[in-house]
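Just below is one structure, and these are the notes that go with it.
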Amino acid sequence: MLMKICIIGAGLVGVTSAYYLAKAGHKVVMVDKEAAPAQITSNANGGQLSYSYSNPLAGPCIISRMPKLLLGLDKSFSIKLNADIGFYKWLLSFINNCRPSKHDANNKAILKLGLYSRQLMHELLKEHTINFDYLQNGKIQIYRKQKDLDTAIKHSHTQNKYGCNQQALTPAQAVKQEPALKPLQNEIIGAIYSPLDESGDAYKFTTQLADICKQSGVEFIYNKNISIKANNSKVVVADIPADNYIICAGSPTRFIAKQVGISVPIYPMKGYSLTAKATTQAPKTSITDNDKKIVYTKMGNNMRVAGIAQLVGYNMDIHTKRCEHVINSAAQDFGHCYNASDIDLWAGLRPQTPSSVPIISATKYSNLYLNCGQGMLGWTLCLGSAKLMADIISGANSQINAKQYDLGR
Ligand SMILES: Cc1cc2nc3c(=O)[nH]c(=O)nc-3n(C[C@H](O)[C@H](O)[C@H](O)COP(=O)(O)OP(=O)(O)OC[C@H]3O[C@@H](n4cnc5c(N)ncnc54)[C@H](O)[C@@H]3O)c2cc1C
């Protein structure tokens, strides 16, 4: 049955959801509080399409790091205690998800959605021309500690069992694959290369896909801050009547859902990026520095460097002191790849669930759905999440099992 569907939030997740719903023949209205699409978290992220990298944040190794994280002694990841009760519920669930059995199940659910998203990206690009500095050169994760490399090699065997193609490289092989790593050859002890992974500019992709949606009849309403109300078994939104509503509002999804008594386990995880003009030595393969938790991606004429995970609340301010880790590490390790004297800084809030598995789900209201919580991998997972959401609403069979992403799982 064809319906009128209102999508709240025009970031990566909302715009891709609009695309698949419009393609299925539904009438779609997109609403955002900003004046254009992709103005918040989908604006200047790391750019990696990390289809093979599904490691949930919550895992067995985090527990021993917890005191360091709480004391702010880890430059890449920090947790600040605060007065928000929802945060403690989130933290308890996060700790529960660190158990090996949960970690493995979460990893599998994310990987499935990742590989499905890759397939959908290729199908989409056969149908539409989108210029988003897309590179299909894979990704290299570099390691400096033997224990971490051993864990990564073991993990790569699991990923390969589920359909990935991850290969362990010596430092010399890593430099051969990506010459931009040459200055680090004596510092790293090995790498994992994932040839299936890709990269591209999420902002360019979202804005051009929004244009494609517009051409196929999707209506866009900007500068409108949405709140919802419950009316018996349904929700209503003033001025925007629709058969169904989907909240794709990133981190604030939690607050919108709370207006109708739904608890959504999402907490913002702040990160930073810098963008600068690339030199001819910039990497063609996207790189993740596993020790420093920093990613490097070439986007057209620019380099994008991103990192830092801070559970510090809903603040999007740029604290130069706090992003020094990214600025200094990038200058030290990859200073030959970009012009470090002229950088643009950006901060964003990853909509993080305790399990790192997104929520793509119906709710207790018959006309309200959620597509949110893609966290660190919203660019990677947006197409799979959007197609699954469209299938759930349309009552169509999906290629993947929706139960794994349900709010009540
Ligand atoms: C530093 C950093 C690096 C990252 N790197 C990568 C990467 O390399 N690869 C990857 O896969 N992912 C990466 N991510 C994650 C990815 O960017 C996010 O998961 C993704 O952008 C989330 O998209 P979204 O559509 O859910 O949220 P958003 O882009 O935040 O969109 C939500 C939209 O909802 C709107 N909205 C909110 N409340 C309301 C309301 N009440 N009414 C109307 N509109 C509302 C907002 O204005 C916004 O436009 C990174 C994130 C960060 C911060």
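So you can find residues: chains in the structure tokens are A, B, ... in the order shown, residues in each start at 1, and ligands are numbered from 1 in order.
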
Counting only C-alpha atoms, what are the residues of segment 34-80 of chain A within 12 Å of segment 323-333 of chain A, and for each of them which pair of atoms is the nearest and at what distance in Å, to one decimal? Sort the table by chain and rising number, as a Markdown table.
```
| residue | atom | partner | partner_atom | distance |
| --- | --- | --- | --- | --- |
| A:Gly46 | CA | A:Val326 | CA | 12.0 |
| A:Asp74 | CA | A:His325 | CA | 10.2 |
| A:Lys75 | CA | A:His325 | CA | 6.4 |
| A:Ser76 | CA | A:His325 | CA | 7.3 |
| A:Phe77 | CA | A:His325 | CA | 10.6 |
```

| task | Can you tell me which residues come within 6 Å of ligand 1 when counting only C-alpha atoms and all ligand atoms, ideally as number ranges by chain? | result | A: 8-14, 31-34, 37-42, 45-49, 224-227, 248-250, 252, 270-273, 306-307, 348-350, 372, 374-380

| request: Identify, with DSSP run on backbone atoms, the residues in segment 193-242 of chain A assigned to helix (DSSP H, G or I), and express the list as a list in words. | output: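 Here is the list: Ala202, Tyr203, Lys204, Phe205, Thr206, Thr207, Gln208, Leu209, Ala210, Asp211, Ile212, Cys213, Lys214 and Gln215 of chain A.
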
| field | Contacts of segment 136-152 of chain A within 8 Å, only C-alpha atoms, excl. fewer than 2 positions in-chain, as a ChimeraX atom specification | value | /A:50,134,154-156,174,187-199,284-291

Selection from above, C-alpha atoms, as a PDB file, in the first residue's frame, can you write it?
```
ATOM      1  CA  SER A  50      34.456   0.819   6.287  1.00  0.00           C
ATOM      2  CA  TYR A 134      34.549   8.307  -4.343  1.00  0.00           C
ATOM      3  CA  LYS A 154      42.541 -13.068  14.676  1.00  0.00           C
ATOM      4  CA  HIS A 155      39.573 -10.765  14.081  1.00  0.00           C
ATOM      5  CA  SER A 156      40.327 -10.634  10.336  1.00  0.00           C
ATOM      6  CA  ALA A 174      51.954  -1.799   3.726  1.00  0.00           C
ATOM      7  CA  GLU A 187      57.435   2.676  13.556  1.00  0.00           C
ATOM      8  CA  ILE A 188      54.639   0.290  12.599  1.00  0.00           C
ATOM      9  CA  ILE A 189      54.890  -3.466  13.093  1.00  0.00           C
ATOM     10  CA  GLY A 190      52.180  -4.476  10.642  1.00  0.00           C
ATOM     11  CA  ALA A 191      48.860  -3.634   9.044  1.00  0.00           C
ATOM     12  CA  ILE A 192      45.535  -5.076   7.962  1.00  0.00           C
ATOM     13  CA  TYR A 193      44.451  -4.267   4.414  1.00  0.00           C
ATOM     14  CA  SER A 194      40.729  -4.388   3.533  1.00  0.00           C
ATOM     15  CA  PRO A 195      40.421  -4.069  -0.274  1.00  0.00           C
ATOM     16  CA  LEU A 196      36.592  -4.085  -0.177  1.00  0.00           C
ATOM     17  CA  ASP A 197      36.510  -0.801   1.751  1.00  0.00           C
ATOM     18  CA  GLU A 198      35.999   2.536   0.023  1.00  0.00           C
ATOM     19  CA  SER A 199      35.794   6.236   0.835  1.00  0.00           C
ATOM     20  CA  LYS A 284      45.086   6.983  -2.221  1.00  0.00           C
ATOM     21  CA  THR A 285      44.119   4.218   0.196  1.00  0.00           C
ATOM     22  CA  SER A 286      42.277   5.368   3.278  1.00  0.00           C
ATOM     23  CA  ILE A 287      44.254   4.791   6.504  1.00  0.00           C
ATOM     24  CA  THR A 288      43.272   4.124  10.118  1.00  0.00           C
ATOM     25  CA  ASP A 289      45.921   4.523  12.794  1.00  0.00           C
ATOM     26  CA  ASN A 290      44.776   1.939  15.329  1.00  0.00           C
ATOM     27  CA  ASP A 291      46.891   3.244  18.266  1.00  0.00           C
TER      28      ASP A 291
END
```

Contacts between segment 101-107 of chain A and segment 24-55 of chain A, please, where a residue of segment 24-55 of chain A counts if it comes within 9 Å (with only C-alpha atoms); show its shortest atom pair and distance in Å to one decimal, rows by chain and ascending number, as a Markdown table.
```
| residue | atom | partner | partner_atom | distance |
| --- | --- | --- | --- | --- |
| A:Tyr53 | CA | A:Asn107 | CA | 8.9 |
| A:Ser54 | CA | A:Asn107 | CA | 5.5 |
| A:Asn55 | CA | A:Asn107 | CA | 5.6 |
```

If you keep N, CA and C atoms, can you produce a file of those selected residues as an mmCIF file, in the first residue's frame?
```
data_model
loop_
_atom_site.group_PDB
_atom_site.id
_atom_site.type_symbol
_atom_site.label_atom_id
_atom_site.label_comp_id
_atom_site.auth_asym_id
_atom_site.auth_seq_id
_atom_site.Cartn_x
_atom_site.Cartn_y
_atom_site.Cartn_z
ATOM 1 N N TYR A 53 34.941 -3.223 8.437
ATOM 2 C CA TYR A 53 35.366 -2.910 9.810
ATOM 3 C C TYR A 53 34.127 -2.698 10.681
ATOM 4 N N SER A 54 33.659 -3.772 11.310
ATOM 5 C CA SER A 54 32.405 -3.679 12.050
ATOM 6 C C SER A 54 32.614 -3.741 13.554
ATOM 7 N N ASN A 55 33.883 -3.632 14.017
ATOM 8 C CA ASN A 55 34.169 -3.760 15.455
ATOM 9 C C ASN A 55 33.301 -2.870 16.314
#
```

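Of the residues listed (A:Met299, A:Met1, A:Val235, A:Ala22), A:Met299 shows the shortest atom-to-atom separation from Phe132 of chain A; distances use only C-alpha atoms.
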
| said: With only C-alpha atoms as the counted atoms, please give the residues lying no more than 9 Å from Ser216 of chain A, apart from itself and same-chain residues fewer than 4 positions off, as number ranges by chain. | reply: A: 19, 22-23, 211-212

Set out as a tab-separated table a contact list for segment 90-142 of chain A and segment 405-408 of chain A with a cut-off of 12 Å, giving each residue of segment 90-142 of chain A that qualifies its closest atom pair and distance in Å to one decimal, counting only C-alpha atoms, ordered by chain and rising residue number.
```
residue	atom	partner	partner_atom	distance
A:Ala105	CA	A:Tyr405	CA	11.5
A:Asn106	CA	A:Tyr405	CA	9.8
A:Lys108	CA	A:Tyr405	CA	11.6
A:Ala109	CA	A:Tyr405	CA	7.9
A:Ile110	CA	A:Tyr405	CA	9.2
A:Lys112	CA	A:Tyr405	CA	11.1
A:Leu113	CA	A:Tyr405	CA	9.7
```

| request: Can you pull out every residue within 9 Å of Ala276 of chain A, counting only C-alpha atoms, but drop anything in the same chain fewer than 4 positions away, and send it as a list of chain:residue names? | output: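 Near neighbours after the sequence-gap exclusion: A:Asn301, A:Asn302, A:Met303, A:Arg304, A:Val305, A:Tyr338, A:Asn339, A:Ala340, A:Ser341, A:Asp342, A:Ile343, A:Asp344.
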
The selected residues should be written to file as a CSV table (one decimal), in the first residue's frame (atoms: C-alpha atoms).
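Once everything was written out, this is part_21.csv:
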```csv
chain,number,residue,atom,x,y,z
A,301,ASN,CA,42.0,17.9,-3.7
A,302,ASN,CA,41.7,17.7,0.1
A,303,MET,CA,42.8,15.5,3.0
A,304,ARG,CA,40.3,14.7,5.7
A,305,VAL,CA,41.7,13.7,9.1
A,338,TYR,CA,48.6,18.0,3.4
A,339,ASN,CA,49.2,21.7,4.0
A,340,ALA,CA,49.1,21.8,7.8
A,341,SER,CA,49.3,25.6,7.9
A,342,ASP,CA,45.7,26.1,6.7
A,343,ILE,CA,43.2,23.7,8.3
A,344,ASP,CA,39.4,23.8,8.8
```

| note | Between A:Gly217, A:Pro183, A:Gly261, A:Gly25, smallest distance to Lys364 of chain A by only C-alpha atoms belongs to A:Gly261

| query | Interatomic distance between atom CA of Lys204 of chain A and atom CA of Leu21 of chain A? | reply |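 These atoms are spaced 20.8 Å apart.
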
| Distance of atom CA of Gly384 of chain A from atom CA of Ser52 of chain A, expressed in Å to one decimal place | 13.8 Å

| query | Residues at most 12 Å from segment 229-233 of chain A, counting only C-alpha atoms, excluding those fewer than 5 positions away in the same chain, as a list in words? | reply |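 Contacts, in chain order: Ala238, Tyr245, Ile256, Ala257, Lys258, Gln259, Val260, Gly261, Ile262, Thr363, Lys364, Tyr365, Ser366, Asn367 and Leu368 of chain A.
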
| task | Please measure the separation of atom CA of Ala362 of chain A and atom CA of Ser17 of chain A, giving the value in Å to one decimal. | result |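 We find that atom CA of Ala362 of chain A and atom CA of Ser17 of chain A lie 14.3 Å from each other.
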